[in-house]
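This is data_36.cif. It holds mmCIF, C-alpha atoms and all ligand atoms.
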data_model
loop_
_atom_site.label_atom_id
_atom_site.label_comp_id
_atom_site.auth_asym_id
_atom_site.auth_seq_id
_atom_site.Cartn_x
_atom_site.Cartn_y
_atom_site.Cartn_z
CA MET B 1 -12.03 -26.24 -11.33
CA ARG B 2 -9.59 -27.61 -8.79
CA GLU B 3 -6.90 -28.14 -11.44
CA LEU B 4 -7.37 -24.65 -12.90
CA SER B 5 -7.21 -23.01 -9.45
CA GLN B 6 -4.04 -24.95 -8.65
CA LYS B 7 -2.42 -23.90 -11.95
CA ILE B 8 -3.32 -20.26 -11.28
CA LYS B 9 -1.63 -20.45 -7.88
CA THR B 10 1.46 -22.16 -9.29
CA THR B 11 1.78 -19.47 -11.98
CA ALA B 12 1.33 -16.69 -9.40
CA VAL B 13 4.18 -18.14 -7.31
CA GLU B 14 6.36 -18.50 -10.44
CA LEU B 15 5.73 -14.83 -11.17
CA GLY B 16 7.15 -14.01 -7.74
CA PHE B 17 4.05 -13.42 -5.64
CA GLY B 18 4.64 -14.51 -2.05
CA ARG B 19 1.01 -15.26 -1.23
CA VAL B 20 -2.06 -15.97 -3.33
CA GLY B 21 -5.64 -16.71 -2.32
CA ILE B 22 -8.90 -17.15 -4.23
CA VAL B 23 -12.35 -16.30 -2.86
CA PRO B 24 -15.87 -15.91 -4.25
CA VAL B 25 -17.08 -12.36 -4.93
CA THR B 26 -19.81 -11.58 -2.44
CA PRO B 27 -20.62 -8.16 -0.90
CA LEU B 28 -18.39 -7.08 2.00
CA ASP B 29 -21.13 -7.10 4.61
CA VAL B 30 -18.95 -6.75 7.74
CA GLU B 31 -16.36 -4.37 6.28
CA THR B 32 -18.72 -1.95 4.51
CA PRO B 33 -20.41 -0.59 7.68
CA ARG B 34 -16.90 -0.07 9.10
CA LEU B 35 -15.86 1.84 5.98
CA LEU B 36 -18.99 4.00 6.26
CA ASP B 37 -18.33 4.70 9.99
CA TRP B 38 -14.73 5.60 9.12
CA LEU B 39 -15.90 8.06 6.47
CA THR B 40 -18.64 9.54 8.66
CA SER B 41 -16.03 10.31 11.32
CA GLY B 42 -14.03 12.24 8.69
CA ASN B 43 -11.04 9.85 8.85
CA ASN B 44 -10.48 10.22 5.10
CA GLY B 45 -9.54 13.90 5.47
CA ARG B 46 -9.52 15.55 2.04
CA MET B 47 -9.58 12.22 0.16
CA ALA B 48 -13.11 12.89 -1.13
CA TRP B 49 -12.66 10.17 -3.77
CA LEU B 50 -13.09 7.59 -0.99
CA GLU B 51 -16.63 8.89 -0.36
CA ARG B 52 -17.73 8.90 -3.97
CA GLU B 53 -17.61 5.18 -4.73
CA THR B 54 -18.65 3.42 -1.55
CA ALA B 55 -21.20 1.18 -3.32
CA LYS B 56 -18.46 -0.07 -5.65
CA ARG B 57 -16.08 -0.59 -2.73
CA ALA B 58 -18.73 -2.72 -1.06
CA ASP B 59 -19.44 -4.87 -4.10
CA PRO B 60 -16.88 -5.51 -6.90
CA SER B 61 -19.60 -6.78 -9.27
CA MET B 62 -20.48 -3.10 -9.69
CA ILE B 63 -17.02 -2.58 -11.14
CA PHE B 64 -16.86 -5.77 -13.16
CA PRO B 65 -20.33 -7.11 -14.06
CA GLY B 66 -20.48 -10.90 -13.85
CA ALA B 67 -17.72 -11.00 -11.23
CA LEU B 68 -17.59 -14.42 -9.59
CA SER B 69 -14.06 -14.89 -8.26
CA MET B 70 -11.36 -12.70 -6.73
CA ILE B 71 -7.68 -13.71 -6.89
CA VAL B 72 -5.63 -11.77 -4.34
CA VAL B 73 -1.83 -11.65 -4.46
CA ALA B 74 0.80 -10.21 -2.14
CA GLN B 75 4.13 -8.98 -3.51
CA ASN B 76 7.07 -8.73 -1.09
CA TYR B 77 8.87 -5.38 -1.47
CA PHE B 78 11.35 -5.57 1.41
CA THR B 79 14.96 -4.71 0.52
CA PRO B 80 17.46 -4.63 3.40
CA HIS B 81 18.53 -0.97 3.31
CA LYS B 82 18.38 1.73 5.95
CA HIS B 83 17.66 5.45 6.03
CA SER B 84 20.25 8.14 6.54
CA SER B 85 20.11 9.57 10.07
CA ASN B 86 21.35 12.94 8.78
CA PRO B 87 18.59 15.55 9.39
CA THR B 88 19.51 17.35 6.15
CA GLN B 89 18.11 14.30 4.31
CA GLY B 90 14.37 13.54 4.00
CA LYS B 91 13.32 9.90 4.39
CA ILE B 92 11.43 8.13 1.62
CA SER B 93 9.09 5.37 2.77
CA ARG B 94 10.19 1.90 1.74
CA TYR B 95 7.34 1.33 -0.65
CA ALA B 96 8.60 4.15 -2.90
CA TRP B 97 12.34 3.32 -2.98
CA GLY B 98 12.23 1.45 -6.27
CA ASP B 99 10.09 1.49 -9.38
CA ASP B 100 6.41 2.31 -9.01
CA TYR B 101 4.68 -0.81 -7.63
CA HIS B 102 1.54 -0.05 -9.61
CA ASP B 103 3.48 -0.83 -12.81
CA VAL B 104 5.49 -3.76 -11.42
CA VAL B 105 2.53 -5.60 -9.84
CA ARG B 106 0.23 -4.82 -12.79
CA GLU B 107 2.76 -6.19 -15.28
CA LYS B 108 2.86 -9.49 -13.39
CA LEU B 109 -0.93 -9.66 -13.11
CA VAL B 110 -1.23 -9.09 -16.88
CA LYS B 111 0.92 -12.20 -17.33
CA LEU B 112 -1.17 -14.13 -14.82
CA LEU B 113 -4.42 -13.16 -16.58
CA ALA B 114 -2.97 -14.13 -19.97
CA ARG B 115 -2.12 -17.57 -18.54
CA ILE B 116 -5.65 -17.93 -17.11
CA LYS B 117 -7.11 -17.14 -20.55
CA GLU B 118 -4.83 -19.74 -22.12
CA LEU B 119 -6.12 -22.31 -19.64
CA ASN B 120 -9.76 -21.21 -20.00
CA PRO B 121 -10.49 -19.06 -23.09
CA GLU B 122 -13.98 -18.26 -21.68
CA ALA B 123 -12.48 -16.32 -18.76
CA ASN B 124 -12.51 -12.52 -18.60
CA GLY B 125 -10.83 -10.57 -15.85
CA LYS B 126 -10.14 -7.14 -14.40
CA ILE B 127 -6.77 -6.32 -12.89
CA CYS B 128 -6.66 -4.07 -9.80
CA VAL B 129 -3.65 -2.51 -8.07
CA ASP B 130 -4.46 0.16 -5.50
CA THR B 131 -6.40 2.59 -7.71
CA THR B 132 -9.54 0.53 -8.43
CA PRO B 133 -12.26 1.31 -5.86
CA ILE B 134 -12.17 -2.01 -4.03
CA MET B 135 -11.17 -2.65 -0.42
CA GLU B 136 -7.97 -4.52 -1.10
CA LYS B 137 -7.06 -5.19 2.52
CA ALA B 138 -10.49 -6.68 3.26
CA TRP B 139 -10.19 -9.01 0.24
CA ALA B 140 -6.67 -10.02 1.24
CA VAL B 141 -7.93 -10.98 4.70
CA ARG B 142 -10.83 -12.95 3.20
CA ALA B 143 -8.47 -14.74 0.81
CA GLY B 144 -6.19 -15.87 3.64
CA VAL B 145 -3.25 -13.74 2.48
CA GLY B 146 -2.76 -12.33 5.98
CA TRP B 147 -4.52 -10.53 8.82
CA LEU B 148 -5.28 -6.86 9.38
CA GLY B 149 -2.68 -5.51 11.81
CA LYS B 150 -3.52 -2.89 14.41
CA HIS B 151 -1.78 -0.32 12.17
CA SER B 152 -4.40 -1.33 9.57
CA ASN B 153 -1.96 -2.85 7.08
CA VAL B 154 -2.20 -6.52 6.12
CA ILE B 155 0.49 -8.63 7.78
CA THR B 156 1.62 -11.94 6.28
CA THR B 157 3.35 -14.62 8.30
CA ASP B 158 6.18 -14.91 5.72
CA HIS B 159 6.92 -11.31 4.71
CA GLY B 160 5.38 -9.25 7.49
CA SER B 161 3.53 -6.19 6.20
CA TRP B 162 6.09 -5.27 3.51
CA VAL B 163 3.76 -6.50 0.79
CA PHE B 164 1.78 -4.80 -1.93
CA LEU B 165 -1.67 -6.14 -2.71
CA GLY B 166 -3.11 -6.78 -6.16
CA GLU B 167 -6.16 -8.59 -7.49
CA ILE B 168 -7.76 -10.12 -10.57
CA ILE B 169 -11.56 -10.16 -10.58
CA LEU B 170 -12.81 -13.01 -12.81
CA ASP B 171 -16.15 -13.98 -14.34
CA ILE B 172 -15.55 -17.73 -13.89
CA GLU B 173 -15.96 -19.94 -10.84
CA LEU B 174 -12.89 -21.42 -9.23
CA GLU B 175 -12.09 -23.56 -6.23
CA TYR B 176 -12.03 -21.26 -3.21
CA ASP B 177 -9.81 -20.91 -0.17
CA THR B 178 -11.76 -21.15 3.03
CA GLU B 179 -9.01 -20.70 5.62
CA THR B 180 -8.19 -17.23 6.86
CA VAL B 181 -5.10 -16.33 8.88
CA ASP B 182 -5.70 -15.73 12.59
CA ASP B 183 -5.00 -12.26 13.98
CA HIS B 184 -1.52 -12.62 15.51
CA CYS B 185 -1.28 -9.09 16.97
CA GLY B 186 -2.29 -10.35 20.40
CA THR B 187 -1.71 -7.79 23.16
CA CYS B 188 1.08 -5.99 21.23
CA THR B 189 0.54 -2.25 20.77
CA ALA B 190 4.00 -1.36 19.38
CA CYS B 191 2.57 0.41 16.30
CA ILE B 192 0.04 2.42 18.29
CA ASP B 193 2.67 3.47 20.86
CA ALA B 194 5.28 4.42 18.23
CA CYS B 195 3.08 6.57 15.99
CA PRO B 196 4.38 10.12 16.62
CA THR B 197 1.10 11.79 15.70
CA ASP B 198 -1.32 9.38 17.43
CA ALA B 199 -2.90 8.55 14.10
CA ILE B 200 -3.91 5.01 15.12
CA THR B 201 -6.87 6.18 17.17
CA GLN B 202 -7.90 2.66 18.13
CA PRO B 203 -6.62 -0.77 17.10
CA TYR B 204 -7.20 -1.27 13.31
CA VAL B 205 -8.34 2.32 12.75
CA VAL B 206 -6.14 5.06 11.25
CA ASP B 207 -7.25 8.68 11.17
CA SER B 208 -5.69 9.94 7.92
CA ARG B 209 -5.86 13.55 9.15
CA ARG B 210 -3.20 12.67 11.72
CA CYS B 211 -1.14 10.31 9.54
CA ILE B 212 2.25 11.48 8.17
CA SER B 213 1.75 9.30 5.10
CA TYR B 214 -1.45 11.18 4.26
CA ALA B 215 0.05 14.58 5.08
CA THR B 216 3.15 14.07 2.92
CA ILE B 217 1.50 12.28 -0.03
CA GLU B 218 -2.23 12.92 -0.25
CA LEU B 219 -2.75 16.33 1.36
CA ARG B 220 -2.22 18.62 -1.57
CA ASP B 221 -2.47 22.35 -2.12
CA GLU B 222 -2.28 23.30 1.55
CA ASN B 223 0.23 23.45 4.36
CA ILE B 224 0.86 20.48 6.60
CA PRO B 225 -1.03 21.10 9.88
CA THR B 226 1.37 22.39 12.57
CA GLU B 227 0.92 19.45 14.96
CA ILE B 228 1.87 17.03 12.16
CA ALA B 229 4.63 19.25 10.70
CA SER B 230 6.36 19.42 14.09
CA ASN B 231 6.35 15.61 14.41
CA LEU B 232 7.46 14.47 10.95
CA GLU B 233 10.49 12.64 12.38
CA GLY B 234 12.41 13.18 9.16
CA TRP B 235 9.81 11.71 6.75
CA LEU B 236 9.77 13.45 3.39
CA TYR B 237 7.43 11.07 1.57
CA GLY B 238 5.17 8.56 3.35
CA CYS B 239 5.92 7.04 6.75
CA ASP B 240 6.95 3.56 7.88
CA ILE B 241 7.18 4.00 11.64
CA CYS B 242 4.23 1.77 12.57
CA GLN B 243 5.60 -1.00 10.33
CA ASP B 244 9.26 -0.57 11.32
CA VAL B 245 8.39 -1.34 14.94
CA CYS B 246 6.14 -4.32 14.16
CA PRO B 247 7.66 -7.56 15.49
CA TRP B 248 6.37 -9.43 12.43
CA ASN B 249 8.67 -7.35 10.22
CA ARG B 250 11.83 -8.42 12.04
CA PHE B 251 12.07 -11.57 9.98
CA ALA B 252 11.36 -10.02 6.58
CA LYS B 253 13.33 -11.64 3.77
CA PRO B 254 14.67 -9.60 0.82
CA SER B 255 12.42 -9.41 -2.23
CA LYS B 256 13.64 -11.19 -5.36
CA GLU B 257 12.21 -8.31 -7.42
CA ASP B 258 15.19 -6.11 -8.35
CA ARG B 259 12.93 -3.24 -9.37
CA PHE B 260 12.23 -2.53 -5.68
CA GLU B 261 15.91 -1.77 -4.99
CA PRO B 262 16.36 1.96 -4.20
CA ARG B 263 16.64 4.13 -7.32
CA ASP B 264 19.99 5.96 -7.47
CA ASP B 265 20.82 4.03 -4.25
CA GLU B 266 18.73 6.58 -2.37
CA THR B 267 16.43 5.84 0.55
CA SER B 268 16.48 9.54 1.50
CA VAL B 269 16.79 12.74 -0.53
CA ASP B 270 18.96 15.74 0.28
CA LEU B 271 16.54 18.52 1.27
CA ASP B 272 18.53 21.39 -0.28
CA ARG B 273 18.90 19.45 -3.51
CA LEU B 274 15.15 18.93 -3.61
CA LEU B 275 14.37 22.54 -2.76
CA SER B 276 16.46 23.76 -5.71
CA MET B 277 15.32 21.01 -8.12
CA THR B 278 14.02 22.14 -11.50
CA HIS B 279 11.03 20.52 -13.16
CA GLU B 280 13.34 18.79 -15.69
CA GLU B 281 15.52 17.33 -12.91
CA TYR B 282 12.38 16.19 -11.08
CA VAL B 283 11.04 14.41 -14.19
CA GLU B 284 14.38 12.64 -14.67
CA ARG B 285 14.86 11.61 -11.00
CA PHE B 286 11.29 10.45 -10.35
CA ARG B 287 10.41 8.86 -13.71
CA ARG B 288 8.57 5.55 -13.06
CA SER B 289 8.63 6.29 -9.30
CA ALA B 290 5.56 6.22 -7.02
CA MET B 291 6.83 9.53 -5.61
CA LYS B 292 5.42 11.38 -8.61
CA ARG B 293 2.09 11.30 -6.77
CA ALA B 294 3.20 14.13 -4.46
CA LYS B 295 4.33 16.29 -7.42
CA LEU B 296 7.40 18.53 -7.20
CA GLY B 297 5.43 21.24 -5.34
CA GLY B 298 4.34 18.71 -2.67
CA LEU B 299 7.88 17.35 -2.22
CA LYS B 300 9.25 20.89 -1.86
CA ARG B 301 6.56 21.73 0.69
CA ASN B 302 7.53 18.63 2.69
CA ALA B 303 11.24 19.44 2.36
CA SER B 304 10.62 22.99 3.66
CA ALA B 305 8.74 21.64 6.69
CA LEU B 306 11.62 19.26 7.49
CA ARG B 307 14.25 21.93 6.94
CA LYS B 308 12.39 24.33 9.26
CA GLN B 309 12.25 21.60 11.90
CA TYR B 310 15.98 20.84 11.88
CA LEU B 311 16.95 24.54 11.73
CA GLU B 312 14.81 25.05 14.84
CA GLY B 313 16.60 22.08 16.40
CA GLY B 314 13.39 19.98 16.53
C1 LIG B 401 -6.79 5.35 1.26
C2 LIG B 401 -5.48 4.59 1.42
C3 LIG B 401 -4.55 5.12 2.30
C4 LIG B 401 -4.87 6.26 3.29
C5 LIG B 401 -5.71 5.68 4.46
C6 LIG B 401 -5.03 4.49 5.16
C7 LIG B 401 -5.96 3.39 5.63
N1 LIG B 401 -5.72 2.96 6.85
O1 LIG B 401 -6.83 2.91 4.90
C8 LIG B 401 -3.45 6.78 3.67
C9 LIG B 401 -3.04 7.90 2.74
C10 LIG B 401 -3.28 7.25 5.10
C11 LIG B 401 -2.61 5.53 3.34
C12 LIG B 401 -1.38 5.29 3.90
C13 LIG B 401 -0.62 4.16 3.65
N2 LIG B 401 -0.85 3.22 2.71
CO1 LIG B 401 -2.43 3.14 1.68
N3 LIG B 401 -4.08 2.80 0.67
C14 LIG B 401 -5.24 3.41 0.67
C15 LIG B 401 -6.20 2.69 -0.28
C16 LIG B 401 -6.22 3.44 -1.62
C17 LIG B 401 -7.64 2.52 0.24
C18 LIG B 401 -7.71 1.96 1.68
C19 LIG B 401 -9.10 2.09 2.27
O2 LIG B 401 -10.07 1.64 1.69
N4 LIG B 401 -9.19 2.73 3.44
C20 LIG B 401 -10.44 2.96 4.09
C21 LIG B 401 -10.45 2.37 5.49
C22 LIG B 401 -11.89 2.33 6.02
O3 LIG B 401 -10.01 1.03 5.34
P1 LIG B 401 -9.24 0.26 6.50
O4 LIG B 401 -8.21 1.03 7.20
O5 LIG B 401 -8.78 -0.99 5.86
O6 LIG B 401 -10.44 0.07 7.50
C23 LIG B 401 -10.76 -1.15 8.04
C24 LIG B 401 -10.40 -1.19 9.51
O7 LIG B 401 -10.63 0.08 10.11
C25 LIG B 401 -11.35 -2.25 9.95
N5 LIG B 401 -11.81 -2.15 11.32
C26 LIG B 401 -12.48 -1.16 11.91
N6 LIG B 401 -12.75 -1.50 13.18
C27 LIG B 401 -12.27 -2.75 13.35
C28 LIG B 401 -12.31 -3.59 14.45
C29 LIG B 401 -11.73 -4.86 14.33
C30 LIG B 401 -11.77 -5.77 15.49
C31 LIG B 401 -11.09 -5.26 13.12
C32 LIG B 401 -10.43 -6.61 12.98
C33 LIG B 401 -11.07 -4.39 12.02
C34 LIG B 401 -11.67 -3.15 12.17
O8 LIG B 401 -12.51 -2.19 9.11
C35 LIG B 401 -12.29 -1.33 8.05
C36 LIG B 401 -12.83 -1.90 6.77
O9 LIG B 401 -12.25 -3.17 6.47
C37 LIG B 401 -5.51 1.28 -0.40
C38 LIG B 401 -5.70 0.57 -1.75
C39 LIG B 401 -7.11 -0.02 -1.88
N7 LIG B 401 -7.74 0.20 -3.02
O10 LIG B 401 -7.61 -0.65 -0.97
C40 LIG B 401 -4.01 1.59 -0.12
C41 LIG B 401 -3.21 0.59 0.70
C42 LIG B 401 -4.03 0.21 1.90
N8 LIG B 401 -2.06 1.38 1.15
C43 LIG B 401 -0.96 0.72 1.25
C44 LIG B 401 0.26 1.24 1.79
C45 LIG B 401 1.53 0.46 1.49
C46 LIG B 401 0.25 2.40 2.59
C47 LIG B 401 1.40 2.94 3.47
C48 LIG B 401 2.20 1.85 4.16
C49 LIG B 401 2.34 3.81 2.59
C50 LIG B 401 3.45 4.50 3.38
N9 LIG B 401 4.53 3.80 3.72
O11 LIG B 401 3.39 5.67 3.66
C51 LIG B 401 0.62 3.84 4.46
C52 LIG B 401 0.21 3.08 5.74
C53 LIG B 401 -0.47 3.97 6.76
C54 LIG B 401 -1.35 3.14 7.70
N10 LIG B 401 -0.90 2.89 8.93
O12 LIG B 401 -2.44 2.71 7.29
C55 LIG B 401 -1.12 -0.73 0.82
C56 LIG B 401 -1.15 -1.62 2.07
C57 LIG B 401 -0.54 -3.00 1.85
C58 LIG B 401 -0.74 -3.86 3.06
N11 LIG B 401 0.25 -4.67 3.39
O13 LIG B 401 -1.78 -3.82 3.70
C59 LIG B 401 -2.51 -0.66 0.01
C60 LIG B 401 -3.38 -1.91 0.14
C61 LIG B 401 -2.13 -0.42 -1.46
C62 LIG B 401 -1.63 -1.68 -2.17
N12 LIG B 401 -2.26 -2.08 -3.27
O14 LIG B 401 -0.71 -2.35 -1.76
N13 LIG B 401 -3.26 4.69 2.46
S1 LIG B 402 2.21 5.69 8.81
FE1 LIG B 402 3.29 6.90 10.43
S2 LIG B 402 1.85 8.54 10.99
FE2 LIG B 402 0.66 7.00 9.80
S3 LIG B 402 -0.22 5.62 11.37
FE3 LIG B 402 1.76 4.72 10.79
S4 LIG B 402 3.26 5.61 12.28
FE4 LIG B 402 1.41 6.85 12.38
#
Translate the structure described by the file into structure tokens.
Amino acid sequence: MRELSQKIKTTAVELGFGRVGIVPVTPLDVETPRLLDWLTSGNNGRMAWLERETAKRADPSMIFPGALSMIVVAQNYFTPHKHSSNPTQGKISRYAWGDDYHDVVREKLVKLLARIKELNPEANGKICVDTTPIMEKAWAVRAGVGWLGKHSNVITTDHGSWVFLGEIILDIELEYDTETVDDHCGTCTACIDACPTDAITQPYVVDSRRCISYATIELRDENIPTEIASNLEGWLYGCDICQDVCPWNRFAKPSKEDRFEPRDDETSVDLDRLLSMTHEEYVERFRRSAMKRAKLGGLKRNASALRKQYLEGG
């Protein structure tokens, strides 16, 4: 078991994952009541899908019967580029500059699972990247990948919070990591103080209804609430403010994954260009990009809100 676990970790590092941890699959007894409290307070906004599968989120064996082990990986996505400060441009959050991470991380996990099956043909596994109803951040903390920052993203000591999370749930036993990473946030409240919409309502808790990331990506088919729309601070898609100010991100090292380099060298998009974009141009520009999630209508709505703000001198 020890040898297999070690080989899995070595392969994960060879595939470019910055951190990897392995833990047994047991119900999330501390985190689940917190998830339920969060939902009861309405912090999920219109993301009703978070309410539907709480039992699965609490216990991955409901998603993958026979689940015994959880491998958690972190993929560094930091590339050292900046945003345009021109208000006629809308900022794209760092995670969506390059190719869609769902595809990039999944592709690597497919390779990792294939290697595990080579080493142990009895093993079966399920790959998860974001969309599977599991609490990825809670598993990453358990697996010693990092700690939950006050902005509620997982922070690693090597790459800060600029990491995507991914998992393989397995039906075999492995040797487990027992060490977690201490919470290194200390008395710092930089993320809470910097959030322009006061979305971090208490340390570790984000109210999606106030979060620019939610408003510009997940809130569909309605206008952005006025108090958020007047505080977008130039963000067209997602928001990185709470992570940009985090001291742990000062020492981030560039990712070796070229696919996270900005597509078309763009970290921002010209608002007028977006507002006049046809569906065909949209398909071409955002093919294989995570930004497809907001759809062209959503991006145009966000661009209009930003344009209104700079025309009003806000
Ligand atoms: C729903 C969701 C969102 C929502 C809600 C955000 C949130 N805080 O959960 C919205 C749309 C706002 C969002 C935004 C973003 N997201 Co998002 N999102 C998710 C998703 C799909 C589910 C997360 C979830 O279960 N939330 C529910 C709440 C209850 O979970 P929670 O915040 O972790 O709650 C815990 C804390 O409140 C804690 N807690 C409560 N009280 C206390 C007290 C103490 C003392 C402590 C220690 C803890 C604690 O307990 C709760 C349970 O563990 C995950 C993927 C996945 N399947 O897990 C990606 C994920 C979390 N998102 C991710 C990213 C990258 C982002 C953005 C950075 C994108 C962007 N640049 O715009 C922003 C960050 C905004 C922010 N500050 O959180 C990454 C985060 C990677 C990382 N390093 O952690 C994930 C893991 C996707 C991935 N596979 O990489 N996201
Ligand atoms: S992503 Fe932006 S709006 Fe959301 S909590 Fe962080 S700083 Fe606030």
Site check for ligand LIG 402 (chain B): residues at most 7 Å away, all atoms listed in the file, as number ranges by chain: B: 151, 191, 194-200, 206, 210-213, 238-243
Contacts of region 127-143 of chain B within 6 Å, only C-alpha atoms, excl. fewer than 2 positions in-chain, as a ChimeraX atom specification: /B:21-23,57,72,102,145-147,166-168
Please, what is the axis-aligned box for every listed atom of region 34-50 of chain B with 4 Å on each side, as centre and edge lengths in Å to one decimal, as lines of an AutoDock Vina configuration file?
center_x = -14.3
center_y = 7.7
center_z = 3.8
size_x = 17.5
size_y = 23.6
size_z = 23.1
Nearby residues, (13.6, -2.6, -3.0) file frame, 12 Å, only C-alpha atoms, as a PyMOL selection string: chain B and resi 75-82+92-101+104+162-163+253-267+289
Pick from B:Arg288, B:Arg46, B:His279, B:Arg115, whichever lies nearest to ligand LIG 401 (chain B) using all atoms listed in the file: B:Arg46
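Shown here are all protein and nucleic acid residues lying within 6 Å of (-20.3, -5.1, -1.3), with all atoms listed in the file considered: Pro27, Leu28, Ala58 and Asp59 of chain B.
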Those selected residues, please, written with C-alpha atoms and delivered as an mmCIF file, in the coordinates of the input.
data_model
loop_
_atom_site.group_PDB
_atom_site.id
_atom_site.type_symbol
_atom_site.label_atom_id
_atom_site.label_comp_id
_atom_site.auth_asym_id
_atom_site.auth_seq_id
_atom_site.Cartn_x
_atom_site.Cartn_y
_atom_site.Cartn_z
ATOM 1 C CA PRO B 27 -20.620 -8.160 -0.900
ATOM 2 C CA LEU B 28 -18.390 -7.080 2.000
ATOM 3 C CA ALA B 58 -18.730 -2.720 -1.060
ATOM 4 C CA ASP B 59 -19.440 -4.870 -4.100
#
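Between CA of Lys295 (chain B) and atom C50 of ligand LIG 401 (chain B) the separation is 16.0 Å.
The residue that comes closest to Val105 (chain B), out of B:Gly144, B:Gly16, B:Gly297, B:Gly90 and on the basis of all atoms listed in the file, is B:Gly16.
Of the residues under consideration (B:Asp182, B:Glu53, B:Glu122, B:Glu218), B:Glu218 shows the shortest atom-to-atom contact distance to ligand LIG 401 (chain B) when counting only C-alpha atoms and all ligand atoms.
Of the residues under consideration (B:Glu3, B:Glu227, B:Glu222, B:Glu280), B:Glu222 shows the shortest atom-to-atom contact distance to Asn302 (chain B) when counting all atoms listed in the file.
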Which of B:Val13, B:Leu50, B:Ala303, B:Val110 sits closest to Asn223 (chain B) [using only C-alpha atoms]: B:Ala303
Close residues, Gly149 (chain B) itself excluded, 8 Å, only C-alpha atoms, min 2 positions apart in chain, as an MDAnalysis selection string: chainID B and resid 147 151:155 183 185 204
Distance criterion (only C-alpha atoms and all ligand atoms): nearest to ligand LIG 401 (chain B) out of B:Ile217, B:Leu296, B:Ala123, B:Ile71: B:Ile217
One-decimal distance in Å that lies between CA of Thr11 (chain B) and CA of Leu112 (chain B): 6.7 Å
Polymer residues at most 12 Å from Tyr282 (chain B), all atoms listed in the file, same-chain spacing of 4 or more positions, as a VMD selection string: chain B and resid 269 273 to 278 286 to 289 291 to 292 294 to 300
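Here CA of Ser41 (chain B) stands at a distance of 25.9 Å from CA of Thr187 (chain B).
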10 Å contact set for region 116-118 of chain B, only C-alpha atoms, chain neighbours under 6 positions out, as a ChimeraX atom specification: /B:4-5,7-8,11,110,124-125,170
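By only C-alpha atoms, and with residues fewer than 5 positions from Ala55 (chain B) along its chain excluded, the set lying at most 9 Å from it is Thr32, Pro60 and Met62 of chain B.
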Written-out region 208-220 of chain B (N, CA and C atoms) as a CSV table (one decimal), in the first residue's frame:
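Once written, result.csv looks like this:
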chain,number,residue,atom,x,y,z
B,208,SER,N,-22.7,34.5,-1.3
B,208,SER,CA,-22.6,34.6,-2.8
B,208,SER,C,-23.5,35.8,-3.3
B,209,ARG,N,-24.6,36.1,-2.7
B,209,ARG,CA,-25.5,37.2,-3.1
B,209,ARG,C,-24.7,38.5,-3.2
B,210,ARG,N,-23.6,38.7,-2.5
B,210,ARG,CA,-22.9,39.9,-2.5
B,210,ARG,C,-21.6,39.8,-3.3
B,211,CYS,N,-21.3,38.6,-3.8
B,211,CYS,CA,-20.0,38.4,-4.4
B,211,CYS,C,-20.0,38.7,-5.9
B,212,ILE,N,-19.0,39.4,-6.4
B,212,ILE,CA,-18.9,39.8,-7.8
B,212,ILE,C,-18.8,38.6,-8.7
B,213,SER,N,-18.0,37.6,-8.2
B,213,SER,CA,-17.8,36.4,-8.9
B,213,SER,C,-19.2,35.7,-9.2
B,214,TYR,N,-20.0,35.6,-8.2
B,214,TYR,CA,-21.3,35.1,-8.4
B,214,TYR,C,-22.2,35.9,-9.3
B,215,ALA,N,-22.2,37.2,-9.1
B,215,ALA,CA,-23.0,38.1,-9.9
B,215,ALA,C,-22.7,38.1,-11.4
B,216,THR,N,-21.3,38.0,-11.7
B,216,THR,CA,-20.9,38.1,-13.1
B,216,THR,C,-20.9,36.7,-13.8
B,217,ILE,N,-20.9,35.6,-13.0
B,217,ILE,CA,-20.8,34.3,-13.6
B,217,ILE,C,-22.1,33.5,-13.4
B,218,GLU,N,-22.6,33.4,-12.2
B,218,GLU,CA,-23.6,32.5,-11.9
B,218,GLU,C,-25.0,33.1,-11.9
B,219,LEU,N,-25.1,34.4,-11.7
B,219,LEU,CA,-26.5,35.0,-11.6
B,219,LEU,C,-26.9,35.2,-13.1
B,220,ARG,N,-27.8,34.4,-13.5
B,220,ARG,CA,-28.2,34.4,-14.9
B,220,ARG,C,-29.6,35.0,-15.0
